[in-house]
$ cat upload36.cif   # mmCIF, C-alpha atoms
data_start
#
loop_
_atom_site.label_atom_id
_atom_site.label_comp_id
_atom_site.auth_asym_id
_atom_site.auth_seq_id
_atom_site.Cartn_x
_atom_site.Cartn_y
_atom_site.Cartn_z
CA MET A 1 0.00 0.00 0.00
CA SER A 2 1.31 3.46 -0.77
CA THR A 3 2.46 5.72 2.05
CA GLU A 4 -0.31 8.20 1.36
CA LEU A 5 -3.07 5.60 1.69
CA THR A 6 -1.42 4.17 4.82
CA ILE A 7 -1.54 7.60 6.47
CA PHE A 8 -5.21 8.04 5.52
CA ALA A 9 -6.05 4.57 6.84
CA MET A 10 -4.15 5.40 10.04
CA ALA A 11 -6.21 8.55 10.57
CA ALA A 12 -9.41 6.59 9.92
CA ALA A 13 -8.33 3.96 12.48
CA MET A 14 -7.62 6.69 15.04
CA LEU A 15 -11.06 8.24 14.42
CA LEU A 16 -12.61 4.77 14.86
CA ILE A 17 -10.88 4.29 18.21
CA ILE A 18 -11.88 7.77 19.43
CA GLY A 19 -15.52 7.19 18.45
CA LEU A 20 -15.60 3.72 19.98
CA TYR A 21 -14.04 4.95 23.23
CA CYS A 22 -16.60 7.76 23.38
CA VAL A 23 -19.51 5.33 22.93
CA VAL A 24 -18.16 2.93 25.56
CA ALA A 25 -16.92 5.38 28.21
CA THR A 26 -19.49 8.16 28.19
CA ARG A 27 -22.50 8.40 30.49
CA ASN A 28 -24.21 11.15 28.53
CA LEU A 29 -26.67 10.05 25.86
CA ILE A 30 -25.90 12.97 23.51
CA ARG A 31 -22.19 12.16 23.71
CA ALA A 32 -22.92 8.51 22.86
CA VAL A 33 -24.63 9.67 19.64
CA ILE A 34 -21.67 11.99 18.95
CA GLY A 35 -19.43 8.92 19.26
CA VAL A 36 -21.55 7.12 16.65
CA VAL A 37 -21.19 10.15 14.34
CA LEU A 38 -17.40 9.99 14.74
CA LEU A 39 -17.54 6.28 13.83
CA THR A 40 -19.42 7.10 10.62
CA LYS A 41 -16.83 9.78 9.78
CA SER A 42 -14.19 7.09 9.98
CA VAL A 43 -16.24 4.79 7.73
CA THR A 44 -16.73 7.63 5.22
CA LEU A 45 -13.00 8.25 5.10
CA LEU A 46 -12.25 4.53 4.71
CA LEU A 47 -14.79 4.14 1.88
CA ILE A 48 -13.20 6.96 -0.08
CA ILE A 49 -9.73 5.54 0.57
CA ALA A 50 -10.87 2.14 -0.73
CA GLY A 51 -12.48 3.76 -3.78
CA ASN A 52 -9.30 5.67 -4.47
CA ARG A 53 -7.26 2.48 -4.12
CA VAL A 54 -9.31 0.50 -6.67
CA GLN A 55 -9.77 3.51 -8.98
CA GLN A 56 -13.55 3.59 -8.44
CA THR A 57 -14.06 6.95 -6.78
CA ALA A 58 -17.50 7.44 -8.34
CA LEU A 59 -18.79 4.18 -6.85
CA ALA A 60 -17.27 5.09 -3.47
CA GLN A 61 -19.00 8.48 -3.63
CA ALA A 62 -22.34 6.79 -4.27
CA LEU A 63 -21.77 4.58 -1.20
CA VAL A 64 -20.70 7.58 0.91
CA ILE A 65 -23.91 9.41 -0.01
CA THR A 66 -25.90 6.36 1.13
CA VAL A 67 -23.91 6.24 4.39
CA ILE A 68 -24.59 9.95 5.03
CA VAL A 69 -28.34 9.51 4.48
CA VAL A 70 -28.46 6.53 6.85
CA GLU A 71 -26.35 8.47 9.39
CA VAL A 72 -28.79 11.40 9.40
CA VAL A 73 -31.79 9.13 9.90
CA ILE A 74 -30.07 7.24 12.74
CA ILE A 75 -29.14 10.49 14.48
CA THR A 76 -32.60 11.99 14.10
CA VAL A 77 -34.32 8.90 15.53
CA ALA A 78 -31.71 8.67 18.33
CA VAL A 79 -32.32 12.32 19.20
CA GLY A 80 -36.08 11.65 19.30
CA ILE A 81 -35.47 8.75 21.72
CA ILE A 82 -33.17 10.96 23.83
CA LEU A 83 -35.85 13.66 24.04
CA ARG A 84 -38.41 11.07 25.13
CA LEU A 85 -36.06 9.75 27.81
CA TYR A 86 -35.32 13.29 28.99
CA GLN A 87 -39.04 13.96 29.22
CA HIS A 88 -39.47 10.95 31.52
CA HIS A 89 -36.29 11.11 33.62
CA ARG A 90 -35.23 14.79 33.43
CA SER A 91 -31.67 13.59 32.94
CA LEU A 92 -29.39 12.36 30.15
CA ASP A 93 -27.16 10.35 32.49
CA THR A 94 -27.25 6.68 31.53
CA THR A 95 -26.49 5.59 35.11
CA LEU A 96 -29.83 7.07 36.19
CA LEU A 97 -31.88 5.19 33.60
CA ARG A 98 -32.54 2.16 35.76
CA ASN A 99 -36.30 1.93 35.97
CA LEU A 100 -37.01 0.07 32.75
CA LYS A 101 -40.04 -2.17 32.91
CA GLY A 102 -40.15 -5.65 31.44
CA MET B 103 0.82 15.40 0.77
CA THR B 104 2.02 17.68 3.58
CA VAL B 105 -1.31 19.52 3.50
CA ASP B 106 -3.15 16.17 3.69
CA ILE B 107 -1.15 15.09 6.73
CA LEU B 108 -1.78 18.47 8.37
CA ILE B 109 -5.54 18.14 7.75
CA LEU B 110 -5.57 14.59 9.13
CA VAL B 111 -3.65 15.63 12.27
CA VAL B 112 -6.09 18.51 12.89
CA LEU B 113 -8.96 16.08 12.23
CA VAL B 114 -7.75 13.66 14.90
CA LEU B 115 -7.18 16.57 17.32
CA ALA B 116 -10.70 17.88 16.63
CA ALA B 117 -12.12 14.40 17.29
CA LEU B 118 -10.17 14.20 20.56
CA PHE B 119 -11.46 17.65 21.56
CA THR B 120 -15.00 16.53 20.69
CA VAL B 121 -14.78 13.55 22.99
CA MET B 122 -12.75 15.04 25.85
CA THR B 123 -14.26 18.48 26.38
CA ALA B 124 -16.58 18.81 29.38
CA GLN B 125 -19.36 20.89 27.82
CA VAL B 126 -21.58 19.18 25.26
CA ILE B 127 -21.97 22.38 23.23
CA ARG B 128 -18.19 22.55 22.69
CA SER B 129 -18.32 18.89 21.79
CA VAL B 130 -20.84 19.66 19.03
CA ILE B 131 -18.64 22.49 17.73
CA GLY B 132 -15.68 20.09 17.65
CA LEU B 133 -17.82 17.60 15.73
CA ALA B 134 -18.75 20.24 13.16
CA VAL B 135 -15.05 21.11 12.70
CA ALA B 136 -14.20 17.40 12.32
CA SER B 137 -16.96 17.05 9.71
CA ALA B 138 -15.66 20.06 7.79
CA LEU B 139 -12.15 18.55 7.81
CA VAL B 140 -13.45 15.16 6.61
CA SER B 141 -15.25 17.03 3.85
CA LEU B 142 -12.01 18.80 2.93
CA MET B 143 -10.24 15.42 2.78
CA LEU B 144 -12.98 14.00 0.52
CA PHE B 145 -12.60 17.00 -1.77
CA ARG B 146 -8.84 16.51 -1.92
CA MET B 147 -9.35 12.82 -2.75
CA HIS B 148 -11.36 13.72 -5.86
CA ALA B 149 -14.80 13.05 -4.37
CA PRO B 150 -16.46 16.49 -4.65
CA LEU B 151 -20.10 15.34 -4.50
CA ALA B 152 -19.54 13.31 -1.33
CA ALA B 153 -17.60 16.28 0.09
CA VAL B 154 -20.52 18.64 -0.50
CA PHE B 155 -22.93 16.14 1.08
CA GLU B 156 -20.63 15.70 4.07
CA LEU B 157 -20.18 19.45 4.51
CA SER B 158 -23.87 20.31 4.31
CA VAL B 159 -25.05 17.40 6.45
CA GLY B 160 -22.08 16.76 8.78
CA ALA B 161 -21.14 20.36 9.47
CA GLY B 162 -24.61 21.88 9.03
CA LEU B 163 -27.60 19.68 9.73
CA ILE B 164 -26.24 17.33 12.41
CA PRO B 165 -24.80 20.08 14.69
CA ALA B 166 -28.12 21.94 14.28
CA ILE B 167 -30.02 18.84 15.47
CA PHE B 168 -27.68 18.44 18.45
CA LEU B 169 -27.89 22.14 19.34
CA SER B 170 -31.68 21.98 19.31
CA VAL B 171 -31.56 19.04 21.76
CA ILE B 172 -29.06 20.85 24.00
CA GLY B 173 -31.35 23.88 23.94
CA ILE B 174 -34.23 21.78 25.27
CA THR B 175 -32.23 20.13 28.07
CA LYS B 176 -31.22 22.05 31.19
CA ARG B 177 -27.83 23.74 31.71
CA LEU B 178 -25.26 22.40 34.14
CA THR B 179 -24.61 24.41 37.28
CA PRO B 180 -20.98 25.64 37.78
CA GLU B 181 -20.48 23.04 40.56
CA ALA B 182 -21.79 20.23 38.37
CA LEU B 183 -19.57 21.44 35.52
CA SER B 184 -16.41 21.39 37.64
CA GLN B 185 -17.34 17.92 38.91
CA LYS B 186 -17.91 16.80 35.33
CA LYS B 187 -14.47 18.11 34.32
CA LYS B 188 -12.86 15.96 37.01
CA GLU B 189 -14.92 12.95 35.95
CA LYS B 190 -13.92 13.55 32.30
CA LEU B 191 -10.27 13.60 33.26
CA ARG B 192 -10.71 10.33 35.13
CA LEU B 193 -12.57 8.63 32.26
CA TYR B 194 -10.61 9.92 29.29
CA TRP B 195 -6.98 10.30 30.39
CA ALA B 196 -6.10 7.05 28.59
CA LEU B 197 -7.63 8.02 25.23
CA PRO B 198 -4.82 10.26 23.84
CA ILE B 199 -2.27 7.65 24.93
CA ILE B 200 -4.21 4.88 23.14
CA VAL B 201 -4.55 7.00 19.99
CA ILE B 202 -0.82 7.87 19.95
CA PHE B 203 0.04 4.20 20.62
CA VAL B 204 -2.14 3.05 17.71
CA GLY B 205 -0.55 5.68 15.46
CA VAL B 206 2.97 4.55 16.40
CA VAL B 207 2.08 0.86 15.94
CA LEU B 208 0.48 1.48 12.54
CA THR B 209 3.54 3.41 11.31
CA ARG B 210 5.82 0.53 12.38
CA VAL B 211 3.67 -2.32 11.05
CA GLU B 212 3.79 -2.92 7.32
CA LEU B 213 0.16 -2.99 6.21
CA PRO B 214 -0.61 -5.76 3.71
CA SER B 215 -1.02 -4.67 0.13
CA LEU B 216 -4.67 -5.23 -0.68
CA PRO B 217 -5.34 -6.99 -3.97
CA VAL B 218 -7.24 -4.88 -6.47
CA PRO B 219 -10.39 -6.80 -7.48
CA SER B 220 -10.40 -7.98 -11.06
CA VAL B 221 -14.07 -7.15 -11.64
CA GLN B 222 -15.13 -4.76 -14.33
CA PRO B 223 -14.86 -1.24 -12.92
CA ALA B 224 -18.10 0.71 -12.69
CA VAL B 225 -18.02 3.19 -15.52
CA GLY B 226 -19.61 6.62 -15.53
CA ASP B 227 -19.82 9.51 -13.14
CA VAL B 228 -21.36 9.33 -9.70
CA LYS B 229 -24.84 10.33 -10.89
CA THR B 230 -24.91 7.60 -13.54
CA ILE B 231 -23.70 4.99 -11.03
CA LEU B 232 -26.19 6.08 -8.37
CA TRP B 233 -29.19 6.06 -10.72
CA ASN B 234 -28.30 3.09 -12.95
CA LEU B 235 -26.04 0.74 -10.99
CA ARG B 236 -27.01 1.40 -7.36
CA HIS B 237 -30.73 2.08 -7.76
CA LEU B 238 -31.49 -0.45 -5.01
CA ASP B 239 -29.47 1.79 -2.66
CA LEU B 240 -31.70 4.70 -3.61
CA LEU B 241 -34.79 2.61 -2.88
CA GLY B 242 -33.29 1.66 0.49
CA GLN B 243 -32.54 5.31 1.22
CA ILE B 244 -36.13 6.27 0.49
CA PHE B 245 -37.45 3.56 2.84
CA ILE B 246 -34.97 4.52 5.56
CA LEU B 247 -35.92 8.19 5.25
CA LEU B 248 -39.61 7.34 5.46
CA GLY B 249 -38.95 5.08 8.46
CA GLY B 250 -36.91 7.81 10.14
CA ALA B 251 -39.58 10.44 9.49
CA PHE B 252 -42.27 8.13 10.87
CA GLY B 253 -40.13 7.34 13.93
CA VAL B 254 -39.52 11.00 14.68
CA VAL B 255 -43.21 11.86 14.29
CA VAL B 256 -44.13 9.08 16.73
CA LEU B 257 -41.38 10.02 19.21
CA VAL B 258 -41.84 13.80 19.22
CA LYS B 259 -45.64 13.85 18.81
CA GLU B 260 -46.61 14.46 22.43
CA LEU B 261 -43.38 16.03 23.65
CA GLU B 262 -43.77 18.78 26.20
CA PRO B 263 -42.25 22.15 25.28
#

$ encode --input "upload36.cif" --output "structure tokens"
Amino acid sequence: MSTELTIFAMAAAMLLIIGLYCVVATRNLIRAVIGVVLLTKSVTLLLIIAGNRVQQTALAQALVITVIVVEVVIITVAVGIILRLYQHHRSLDTTLLRNLKG
Amino acid sequence: MTVDILILVVLVLAALFTVMTAQVIRSVIGLAVASALVSLMLFRMHAPLAAVFELSVGAGLIPAIFLSVIGITKRLTPEALSQKKKEKLRLYWALPIIVIFVGVVLTRVELPSLPVPSVQPAVGDVKTILWNLRHLDLLGQIFILLGGAFGVVVLVKELEP
């Protein structure tokens, strides 16, 4: 692999680790969604790197557009769920969400 | 190449700032900066349409959604904020070390050269590919958007102001 692509892949891996750490370590629901957004940024970067590597940038762009659309829908629904939870518990702290029924 | 490395370094720093800062609003600003930098990288890698999408959605729409949620939730008191800063430090002190460690390991390890697939490359520009080759993706996107819109309507329908 060329040096340039290795550096891009390295940055994508770092973004992946940062996003994953955020999702795992945080206790705030909004921050958990922010971690998911960082993960999708990493995926976007990796898709374009792969497209560049196999000389199919147009196909990679089409996939990135799909990823972005899915990302927006996920975030919007997650934010709706967060608002619902806030309405019930008056807090976004995951350690306080312990009264689930069922 | 130097500019690319500079952008990627700032991108990783922005992502670290996003995760490690104590206030959520600063976190959202960091996320918008990271999105803008990803968009810049996409543009530099000859993917202008994806870059425009990423810029408008990642640095525009998504921070706006987060800011609207933060506006609805209550502010932290100064005492709670200082306590949160201490908690952040306790939870996230290892993250920069892990990121630097991964960076050092990846520079030392020789990544395997991926084989280029021998399939016929998709010809045409991105619009042709999206409408002719990946039309099932478009159909999926429409269903996902409808599902998302329905979900949001159901979730936010009876929300108190």

$ closest_residue --input "upload36.cif" --among "A:Thr44, A:Val73, A:Leu39, A:Asn99" --to "chain B" --atoms "only C-alpha atoms"
A:Val73

$ atom_distance --input "upload36.cif" --atom1 "CA of Gly249 in chain B" --atom2 "CA of Ala78 in chain A"
12.8 Å

$ closest_residue --input "upload36.cif" --among "A:Val43, A:Ala32, A:Ala58, A:Leu85" --to "chain B" --atoms "all atoms listed in the file"
A:Ala58

$ closest_residue --input "upload36.cif" --among "A:Leu59, A:Leu29, A:Val36, A:Leu20" --to "chain B" --atoms "all atoms listed in the file"
A:Leu59

$ resolve_selection --input "upload36.cif" --expression "the PyMOL selection byres ((chain A and resi 95) around 12)" --output "list in words"
Ala25, Thr26, Arg27, Asn28, Leu29, His89, Ser91, Leu92, Asp93, Thr94, Leu96, Leu97, Arg98 and Asn99 of chain A

$ write_last_selection --input "upload36.cif" --atoms "C-alpha atoms" --output "short mmCIF file (atom, residue, chain, number, x, y, z; two decimals), in the frame of the given file"
data_model
loop_
_atom_site.label_atom_id
_atom_site.label_comp_id
_atom_site.auth_asym_id
_atom_site.auth_seq_id
_atom_site.Cartn_x
_atom_site.Cartn_y
_atom_site.Cartn_z
CA ALA A 25 -16.92 5.38 28.21
CA THR A 26 -19.49 8.16 28.19
CA ARG A 27 -22.50 8.40 30.49
CA ASN A 28 -24.21 11.15 28.53
CA LEU A 29 -26.67 10.05 25.86
CA HIS A 89 -36.29 11.11 33.62
CA SER A 91 -31.67 13.59 32.94
CA LEU A 92 -29.39 12.36 30.15
CA ASP A 93 -27.16 10.35 32.49
CA THR A 94 -27.25 6.68 31.53
CA LEU A 96 -29.83 7.07 36.19
CA LEU A 97 -31.88 5.19 33.60
CA ARG A 98 -32.54 2.16 35.76
CA ASN A 99 -36.30 1.93 35.97
#

$ closest_atom_pairs --input "upload36.cif" --of "chain B" --to "chain A" --cutoff "6 Å" --atoms "all atoms listed in the file" --output "Markdown table"
| residue | atom | partner | partner_atom | distance |
| --- | --- | --- | --- | --- |
| B:Ala152 | CA | A:Gln61 | CA | 5.4 |
| B:Val201 | CA | A:Met14 | CA | 5.8 |
| B:Ser215 | CA | A:Met1 | CA | 4.8 |
| B:Val218 | CA | A:Val54 | CA | 5.8 |
| B:Asp227 | CA | A:Ala58 | CA | 5.7 |
| B:Val228 | CA | A:Ala58 | CA | 4.5 |
| B:Leu232 | CA | A:Ala62 | CA | 5.7 |
| B:Gly250 | CA | A:Val73 | CA | 5.3 |
| B:Val254 | CA | A:Val77 | CA | 5.7 |
| B:Leu257 | CA | A:Gly80 | CA | 5.5 |

$ write_last_selection --input "upload36.cif" --atoms "C-alpha atoms" --output "PDB file, in the coordinates of the input"
ATOM      1  CA  ALA B 152     -19.540  13.310  -1.330  1.00  0.00           C
ATOM      2  CA  VAL B 201      -4.550   7.000  19.990  1.00  0.00           C
ATOM      3  CA  SER B 215      -1.020  -4.670   0.130  1.00  0.00           C
ATOM      4  CA  VAL B 218      -7.240  -4.880  -6.470  1.00  0.00           C
ATOM      5  CA  ASP B 227     -19.820   9.510 -13.140  1.00  0.00           C
ATOM      6  CA  VAL B 228     -21.360   9.330  -9.700  1.00  0.00           C
ATOM      7  CA  LEU B 232     -26.190   6.080  -8.370  1.00  0.00           C
ATOM      8  CA  GLY B 250     -36.910   7.810  10.140  1.00  0.00           C
ATOM      9  CA  VAL B 254     -39.520  11.000  14.680  1.00  0.00           C
ATOM     10  CA  LEU B 257     -41.380  10.020  19.210  1.00  0.00           C
TER      11      LEU B 257
END

$ resolve_selection --input "upload36.cif" --expression "the PyMOL selection byres ((chain B and resi 117-128) around 9)" --output "VMD selection string"
(chain A and resid 15 18 to 19 21 to 22 26 30 to 31 34 to 35 38) or (chain B and resid 112 to 116 129 to 133 135 to 136 168 to 169 172 178 183 to 184 186 to 191 194 to 195 197 to 198)

$ resolve_selection --input "upload36.cif" --expression "the PyMOL selection byres ((chain B and resi 106) around 10)" --output "number ranges by chain"
A: 4, 7-8; B: 103-105, 107-112, 142-143, 146-147

$ write_last_selection --input "upload36.cif" --atoms "C-alpha atoms" --output "short mmCIF file (atom, residue, chain, number, x, y, z; two decimals), keeping the file's coordinate frame"
data_model
loop_
_atom_site.label_atom_id
_atom_site.label_comp_id
_atom_site.auth_asym_id
_atom_site.auth_seq_id
_atom_site.Cartn_x
_atom_site.Cartn_y
_atom_site.Cartn_z
CA GLU A 4 -0.31 8.20 1.36
CA ILE A 7 -1.54 7.60 6.47
CA PHE A 8 -5.21 8.04 5.52
CA MET B 103 0.82 15.40 0.77
CA THR B 104 2.02 17.68 3.58
CA VAL B 105 -1.31 19.52 3.50
CA ILE B 107 -1.15 15.09 6.73
CA LEU B 108 -1.78 18.47 8.37
CA ILE B 109 -5.54 18.14 7.75
CA LEU B 110 -5.57 14.59 9.13
CA VAL B 111 -3.65 15.63 12.27
CA VAL B 112 -6.09 18.51 12.89
CA LEU B 142 -12.01 18.80 2.93
CA MET B 143 -10.24 15.42 2.78
CA ARG B 146 -8.84 16.51 -1.92
CA MET B 147 -9.35 12.82 -2.75
#

$ atom_distance --input "upload36.cif" --atom1 "CA of Leu139 in chain B" --atom2 "CA of Val154 in chain B"
11.8 Å

$ atom_distance --input "upload36.cif" --atom1 "CA of Leu46 in chain A" --atom2 "CA of Asp239 in chain B"
18.9 Å
